[in-house]
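Raw data-v7.txt, compact mmCIF, C-alpha atoms:
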# COMPACT_ATOMS: atom_id res chain seq x y z
CA MET T 1 -16.23 32.03 6.60
CA ASN T 2 -15.77 30.38 9.91
CA LEU T 3 -13.08 27.91 10.89
CA LEU T 4 -15.17 24.81 10.30
CA VAL T 5 -15.80 25.79 6.68
CA LEU T 6 -12.06 26.29 6.26
CA GLY T 7 -11.54 22.81 7.67
CA TYR T 8 -14.11 21.39 5.24
CA VAL T 9 -12.39 23.01 2.28
CA LEU T 10 -8.95 21.81 3.39
CA TYR T 11 -10.19 18.31 4.06
CA LEU T 12 -12.09 18.01 0.77
CA ALA T 13 -9.15 19.33 -1.25
CA ALA T 14 -6.65 17.00 0.44
CA SER T 15 -8.78 13.87 0.40
CA LEU T 16 -10.03 14.26 -3.17
CA PHE T 17 -6.50 14.95 -4.37
CA VAL T 18 -5.03 11.94 -2.56
CA THR T 19 -7.85 9.65 -3.76
CA THR T 20 -7.48 10.70 -7.40
CA TYR T 21 -3.69 10.62 -7.37
CA VAL T 22 -3.44 7.22 -5.70
CA GLY T 23 -6.11 5.83 -8.03
CA HIS T 24 -4.12 7.04 -11.02
CA VAL T 25 -0.84 5.56 -9.74
CA LEU T 26 -2.41 2.22 -8.84
CA HIS T 27 -4.22 2.00 -12.15
CA ARG T 28 -0.89 2.43 -13.91
CA GLU T 29 0.98 -0.02 -11.69
CA SER T 30 -1.66 -2.75 -11.66
CA CYS T 31 -1.68 -2.92 -15.46
CA PRO T 32 1.20 -5.50 -15.70
CA LEU T 33 -0.30 -7.50 -12.83
CA CYS T 34 -3.74 -7.68 -14.49
CA ARG T 35 -2.18 -8.56 -17.81
CA ASP T 36 -0.29 -11.37 -16.14
CA VAL T 37 -3.39 -12.74 -14.43
CA PHE T 38 -5.59 -12.47 -17.53
CA ARG T 39 -2.93 -13.25 -20.06
CA GLU T 40 -5.30 -14.89 -22.54
CA SER T 41 -6.74 -11.56 -23.52
CA ARG T 42 -5.20 -8.16 -23.07
CA ARG T 43 -8.57 -6.48 -23.50
CA THR T 44 -10.01 -8.50 -20.60
CA ALA T 45 -7.09 -7.44 -18.45
CA ASP T 46 -7.55 -3.76 -19.28
CA ALA T 47 -11.30 -4.06 -18.72
CA VAL T 48 -10.78 -5.61 -15.28
CA ASN T 49 -8.23 -2.92 -14.46
CA ASP T 50 -10.65 -0.14 -15.45
CA LEU T 51 -13.51 -1.75 -13.52
CA LEU T 52 -11.33 -1.98 -10.42
CA LEU T 53 -10.47 1.70 -10.80
CA VAL T 54 -14.15 2.67 -11.05
CA GLY T 55 -14.98 0.60 -7.97
CA TYR T 56 -12.08 2.20 -6.11
CA TYR T 57 -13.26 5.71 -7.02
CA LEU T 58 -16.84 4.93 -5.96
CA VAL T 59 -15.89 3.53 -2.57
CA ASN T 60 -13.36 6.22 -1.78
CA PHE T 61 -15.27 9.27 -2.97
CA ALA T 62 -18.25 7.99 -0.97
CA LEU T 63 -16.02 7.63 2.08
CA ASP T 64 -14.52 11.10 1.55
CA VAL T 65 -17.94 12.72 1.40
CA LEU T 66 -19.46 10.62 4.19
CA LEU T 67 -16.77 11.72 6.62
CA LEU T 68 -17.55 15.39 6.04
CA ARG T 69 -19.38 15.80 9.32
CA PRO T 70 -18.59 18.21 12.11
CA GLY T 71 -16.83 16.48 14.96
CA ASP T 72 -16.33 18.05 18.36
CA SER T 73 -16.33 21.78 18.87
CA VAL T 74 -13.99 23.62 16.53
CA ILE T 75 -12.95 26.90 18.10
CA GLU T 76 -9.25 27.49 17.52
CA PRO T 77 -7.13 27.03 14.38
CA LEU T 78 -5.44 24.06 16.06
CA ASP T 79 -8.84 22.36 16.37
CA VAL T 80 -9.23 22.65 12.60
CA ALA T 81 -5.85 20.97 12.10
CA GLU T 82 -6.83 18.16 14.49
CA TRP T 83 -10.19 17.66 12.77
CA VAL T 84 -8.70 17.58 9.27
CA SER T 85 -5.93 15.25 10.40
CA GLY T 86 -8.32 12.83 12.09
CA ARG T 87 -10.59 12.64 9.04
CA LEU T 88 -7.65 12.29 6.62
CA GLY T 89 -6.30 9.53 8.85
CA ILE T 90 -9.52 7.54 8.52
CA VAL T 91 -9.55 8.05 4.74
CA LEU T 92 -5.88 7.09 4.25
CA THR T 93 -5.99 4.01 6.48
CA THR T 94 -9.15 2.69 4.82
CA LEU T 95 -7.65 3.35 1.40
CA GLY T 96 -4.47 1.49 2.31
CA GLY T 97 -6.36 -1.46 3.78
CA LEU T 98 -8.61 -1.78 0.71
CA HIS T 99 -5.55 -1.54 -1.50
CA PHE T 100 -3.77 -4.39 0.32
CA ILE T 101 -6.90 -6.54 -0.01
CA ASN T 102 -7.04 -5.81 -3.76
CA VAL T 103 -3.37 -6.61 -4.37
CA SER T 104 -3.57 -9.81 -2.30
CA THR T 105 -6.64 -10.92 -4.27
CA LEU T 106 -4.85 -10.35 -7.57
CA LEU T 107 -1.75 -12.19 -6.31
CA VAL T 108 -3.78 -15.15 -5.08
CA GLY T 109 -5.55 -15.23 -8.45
CA MET T 110 -2.20 -15.07 -10.21
CA ARG T 111 -0.86 -18.04 -8.28
CA TRP T 112 -4.04 -20.07 -8.66
CA LEU T 113 -4.34 -19.47 -12.41
CA ARG T 114 -0.68 -20.22 -12.87
CA ARG T 115 -0.92 -23.59 -11.14
CA ARG T 116 -4.03 -24.45 -13.08
CA ARG T 117 -2.42 -23.54 -16.38
CA LEU T 118 0.67 -25.60 -15.60
CA ARG T 119 -1.41 -28.55 -14.47
CA MET T 120 -3.64 -28.43 -17.55
CA SER T 121 -0.86 -27.93 -20.06
CA GLY T 122 1.53 -30.44 -18.49
CA THR T 123 5.27 -30.06 -18.58
CA SER T 124 5.52 -29.42 -22.34
CA GLY T 125 3.21 -26.44 -22.23
CA GLY T 126 4.77 -25.15 -19.07
CA SER T 127 8.19 -24.97 -20.63
CA SER T 128 7.26 -22.10 -22.92
CA SER T 129 7.79 -19.37 -20.37
CA PRO T 130 8.25 -20.81 -16.90
CA ALA T 131 10.08 -17.78 -15.57
CA ALA T 132 7.36 -15.40 -16.69
CA LEU T 133 4.70 -17.24 -14.72
CA MET N 1 2.94 29.31 18.01
CA THR N 2 1.84 27.55 21.17
CA PRO N 3 3.75 24.59 22.69
CA MET N 4 1.00 22.36 21.30
CA THR N 5 1.79 23.46 17.74
CA TRP N 6 5.50 22.77 18.21
CA THR N 7 4.69 19.35 19.63
CA TYR N 8 2.50 18.51 16.64
CA LEU N 9 5.17 19.71 14.22
CA ALA N 10 7.90 17.64 15.91
CA TYR N 11 5.64 14.58 15.92
CA LEU N 12 4.78 14.98 12.24
CA LEU N 13 8.42 15.49 11.24
CA ILE N 14 9.66 12.39 13.10
CA CYS N 15 6.83 10.12 11.93
CA VAL N 16 6.86 11.20 8.28
CA GLY N 17 10.66 10.88 8.22
CA VAL N 18 10.61 7.33 9.60
CA THR N 19 7.77 6.35 7.24
CA MET N 20 9.64 7.66 4.21
CA TRP N 21 12.85 5.90 5.25
CA VAL N 22 11.15 2.50 5.68
CA ALA N 23 9.19 2.94 2.44
CA ARG N 24 12.35 3.77 0.48
CA THR N 25 14.05 0.69 1.88
CA LEU N 26 11.07 -1.43 0.87
CA ARG N 27 11.04 0.10 -2.59
CA ARG N 28 14.76 -0.49 -3.06
CA HIS N 29 14.80 -4.12 -1.93
CA GLY N 30 11.26 -5.17 -2.84
CA THR N 31 11.91 -5.82 -6.51
CA THR N 32 15.06 -7.80 -5.73
CA LEU N 33 13.12 -9.88 -3.22
CA LEU N 34 10.44 -10.66 -5.79
CA VAL N 35 12.65 -11.67 -8.71
CA ASP N 36 15.17 -13.46 -6.51
CA GLY N 37 18.08 -11.37 -7.70
CA THR N 38 17.52 -12.26 -11.35
CA ASP N 39 16.44 -9.97 -14.16
CA GLN N 40 13.50 -12.14 -15.23
CA ASN N 41 10.10 -10.49 -15.36
CA ARG N 42 11.32 -7.31 -13.79
CA THR N 43 8.48 -5.12 -15.04
CA LEU N 44 5.84 -7.14 -13.24
CA ALA N 45 7.92 -7.35 -10.06
CA ASP N 46 8.56 -3.62 -10.17
CA ALA N 47 4.85 -2.90 -10.57
CA ILE N 48 3.92 -5.16 -7.63
CA ALA N 49 6.63 -3.63 -5.43
CA HIS N 50 5.60 -0.08 -6.31
CA SER N 51 1.91 -0.65 -5.62
CA LEU N 52 2.72 -2.33 -2.30
CA VAL N 53 4.87 0.64 -1.31
CA VAL N 54 1.98 2.98 -2.18
CA GLY N 55 -0.25 0.95 0.14
CA PHE N 56 2.45 1.14 2.82
CA TYR N 57 2.55 4.94 2.55
CA LEU N 58 -1.25 5.16 2.72
CA CYS N 59 -1.58 2.99 5.82
CA ASN N 60 1.25 4.67 7.67
CA LEU N 61 0.37 8.26 6.90
CA GLY N 62 -3.20 7.35 7.84
CA ILE N 63 -2.05 6.04 11.22
CA VAL N 64 0.12 9.14 11.72
CA CYS N 65 -2.85 11.44 11.00
CA LEU N 66 -5.23 9.40 13.16
CA LEU N 67 -2.94 9.54 16.19
CA LEU N 68 -2.18 13.27 15.92
CA LYS N 69 -4.83 14.59 18.25
CA ALA N 70 -3.72 14.98 21.87
CA TYR N 71 -6.52 14.90 24.42
CA ASP N 72 -4.65 16.41 27.36
CA PRO N 73 -3.36 19.93 26.72
CA ILE N 74 0.31 20.49 27.55
CA ASP N 75 2.07 23.71 28.46
CA ASP N 76 5.75 22.91 29.12
CA LEU N 77 8.72 21.13 27.54
CA LYS N 78 8.46 18.08 29.79
CA GLY N 79 4.87 17.40 28.79
CA SER N 80 5.75 18.00 25.18
CA ILE N 81 8.60 15.45 25.17
CA GLU N 82 6.43 12.88 26.93
CA LEU N 83 3.61 13.39 24.47
CA VAL N 84 5.86 13.17 21.41
CA SER N 85 7.60 10.02 22.64
CA HIS N 86 4.30 8.34 23.49
CA LYS N 87 2.82 9.14 20.11
CA VAL N 88 5.94 8.24 18.14
CA GLY N 89 6.10 4.93 19.99
CA THR N 90 2.50 4.10 19.06
CA VAL N 91 3.12 5.06 15.44
CA LEU N 92 6.26 2.88 15.30
CA VAL N 93 4.35 -0.15 16.57
CA GLY N 94 1.67 0.45 13.92
CA LEU N 95 4.37 0.94 11.29
CA SER N 96 5.99 -2.36 12.15
CA ILE N 97 2.66 -4.19 11.89
CA VAL N 98 2.05 -2.67 8.43
CA HIS N 99 5.65 -3.46 7.46
CA PHE N 100 5.29 -7.14 8.33
CA THR N 101 1.95 -7.28 6.50
CA VAL N 102 3.67 -5.88 3.40
CA LEU N 103 6.49 -8.41 3.79
CA ALA N 104 3.93 -11.23 4.03
CA ILE N 105 2.30 -10.03 0.80
CA PHE N 106 5.77 -9.84 -0.76
CA GLY N 107 6.31 -13.45 0.28
CA MET N 108 3.01 -14.45 -1.28
CA ALA N 109 3.94 -12.66 -4.52
CA ARG N 110 7.37 -14.26 -4.42
CA SER N 111 5.94 -17.75 -4.22
CA GLY N 112 3.76 -16.76 -7.19
CA PHE N 113 6.91 -16.03 -9.15
CA ARG N 114 8.42 -19.44 -8.49
CA ARG N 115 7.19 -22.78 -9.66
CA PRO N 116 5.31 -25.07 -7.26
CA ARG N 117 7.35 -27.98 -6.03
CA ASP N 118 5.37 -30.77 -7.63
CA ILE N 119 5.69 -29.19 -11.04
CA ASP N 120 9.41 -28.66 -10.40
CA ALA N 121 9.69 -32.40 -9.93
CA ASP N 122 7.97 -32.91 -13.29
CA PHE N 123 10.41 -30.53 -14.90
CA GLU N 124 13.34 -32.42 -13.45
CA ALA N 125 11.92 -35.75 -14.57
CA ALA N 126 11.41 -34.41 -18.07
CA GLY N 127 15.13 -33.95 -18.49
CA PRO N 128 17.43 -31.13 -19.52
CA GLY N 129 15.46 -30.22 -22.65
CA LEU N 130 13.13 -28.09 -20.60
CA SER N 131 14.37 -25.18 -18.62
CA ALA N 132 15.72 -26.53 -15.37
CA PRO N 133 14.43 -25.31 -12.02
CA ARG N 134 16.66 -23.00 -10.10
CA PRO N 135 18.95 -24.78 -7.66
CA VAL N 136 17.85 -24.40 -4.06
CA GLN N 137 20.26 -22.30 -2.05
CA PRO N 138 21.34 -23.94 1.22
Write out the structure in this file as structure tokens.
Amino acid sequence: MNLLVLGYVLYLAASLFVTTYVGHVLHRESCPLCRDVFRESRRTADAVNDLLLVGYYLVNFALDVLLLRPGDSVIEPLDVAEWVSGRLGIVLTTLGGLHFINVSTLLVGMRWLRRRRLRMSGTSGGSSSPAAL
Amino acid sequence: MTPMTWTYLAYLLICVGVTMWVARTLRRHGTTLLVDGTDQNRTLADAIAHSLVVGFYLCNLGIVCLLLKAYDPIDDLKGSIELVSHKVGTVLVGLSIVHFTVLAIFGMARSGFRRPRDIDADFEAAGPGLSAPRPVQP
């Protein structure tokens, strides 16, 4: 087993673990947010949440596997560390950027739906739970 | 252990430490920022704050990993200190950009928690029977 294979194994283990773990945490944390945005139906909210998770897994597993290419020459153990770190860096930064885009989209949707609901229901409907909006 | 390995270790320690410190601060004050110091709707605010902090960790650790590789080999302490300070400086600039992005998203979420101004005016006009808007702090 040469050094590059060791790098591949390390990289795959780290990136797949991080992708799965972060997906799990975000799925758990985005549940209240989705339920707030789609408050008419809890099942719709959970469905959207699950669909977002599947999309997240698809994009990120694809990215993880796509980046599994040999870079420059890997001769010493330190080269393996540099290679793994560079690839993990690409994966983590992309993951974080996509995550910010997702959260911002949900927040914009939350604000938009909230204004529309208040406008359509008027002041009497809006008084039911103004703080929860 | 070559000087290069020590340099990498020092760089990783400093950068991960700073990232964790900023993320903990964000986590501690993020929820308060969202709910405006009140206890209303704390679950939702906590969830938003937590997921934003996860994104903060991802972006920053990604930047730290991306900037690890040094292209010029070093062999003495002077070169090592210069390399670490250069890299830590770059990471700190990236960290601050991500931090301000997160704060902007926090601001967006915060305005989502409060009522829009025109509807506030309607609430005020409707009288005290409806829940009154929060007084604006000077």
Pick from T:Ala45, T:Cys34, T:Leu88, T:Leu68 nearest to chain N, counting all atoms listed in the file: T:Leu88
Of the candidates N:Leu67, N:Val102, N:Leu12, N:Lys78, which shows the shortest atom-to-atom distance to Thr90 of chain N, using only C-alpha atoms? N:Leu67
Using only C-alpha atoms, select each residue of chain T with any atom at most 7 Å away from an atom of chain N, and give the selection as a list of chain:residue names.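 Every residue meeting the condition is included here: T:Leu26, T:Glu29, T:Ser30, T:Pro32, T:Leu33, T:Glu82, T:Ser85, T:Gly86, T:Leu88, T:Gly89, T:Ile90, T:Leu92, T:Thr93, T:Leu95, T:Gly96, T:Gly97, T:His99, T:Phe100, T:Ser104, T:Leu107, T:Met110, T:Arg111, T:Thr123, T:Ser127, T:Ala131, T:Ala132, T:Leu133.
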When distances are computed from only C-alpha atoms, which of T:Asp50, T:Asn60, T:Leu4, T:Arg39 shows the smallest separation from Phe17 of chain T?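 Among T:Asp50, T:Asn60, T:Leu4, T:Arg39, it is T:Asn60 that comes nearest to Phe17 of chain T.
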Could you state the separation of atom CA of Leu52 of chain T and atom CA of Asp36 of chain N in Å, given to one decimal place?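 Computing the Euclidean distance for atom CA of Leu52 of chain T and atom CA of Asp36 of chain N yields 29.1 Å.
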For the point (-14.2, 8.7, 1.1) in the file's frame, write as a ChimeraX atom specification all residues with an atom no more than 10 Å away, counting all atoms listed in the file. /T:12,15-16,19,56-68,87-88,90-92,94-95
Output C-alpha atoms for every residue in the selection just made, as a PDB file, keeping the file's coordinate frame.
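Result went into result_20.pdb, see below:
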ATOM      1  CA  LEU T  12     -12.090  18.010   0.770  1.00  0.00           C
ATOM      2  CA  SER T  15      -8.780  13.870   0.400  1.00  0.00           C
ATOM      3  CA  LEU T  16     -10.030  14.260  -3.170  1.00  0.00           C
ATOM      4  CA  THR T  19      -7.850   9.650  -3.760  1.00  0.00           C
ATOM      5  CA  TYR T  56     -12.080   2.200  -6.110  1.00  0.00           C
ATOM      6  CA  TYR T  57     -13.260   5.710  -7.020  1.00  0.00           C
ATOM      7  CA  LEU T  58     -16.840   4.930  -5.960  1.00  0.00           C
ATOM      8  CA  VAL T  59     -15.890   3.530  -2.570  1.00  0.00           C
ATOM      9  CA  ASN T  60     -13.360   6.220  -1.780  1.00  0.00           C
ATOM     10  CA  PHE T  61     -15.270   9.270  -2.970  1.00  0.00           C
ATOM     11  CA  ALA T  62     -18.250   7.990  -0.970  1.00  0.00           C
ATOM     12  CA  LEU T  63     -16.020   7.630   2.080  1.00  0.00           C
ATOM     13  CA  ASP T  64     -14.520  11.100   1.550  1.00  0.00           C
ATOM     14  CA  VAL T  65     -17.940  12.720   1.400  1.00  0.00           C
ATOM     15  CA  LEU T  66     -19.460  10.620   4.190  1.00  0.00           C
ATOM     16  CA  LEU T  67     -16.770  11.720   6.620  1.00  0.00           C
ATOM     17  CA  LEU T  68     -17.550  15.390   6.040  1.00  0.00           C
ATOM     18  CA  ARG T  87     -10.590  12.640   9.040  1.00  0.00           C
ATOM     19  CA  LEU T  88      -7.650  12.290   6.620  1.00  0.00           C
ATOM     20  CA  ILE T  90      -9.520   7.540   8.520  1.00  0.00           C
ATOM     21  CA  VAL T  91      -9.550   8.050   4.740  1.00  0.00           C
ATOM     22  CA  LEU T  92      -5.880   7.090   4.250  1.00  0.00           C
ATOM     23  CA  THR T  94      -9.150   2.690   4.820  1.00  0.00           C
ATOM     24  CA  LEU T  95      -7.650   3.350   1.400  1.00  0.00           C
TER      25      LEU T  95
END
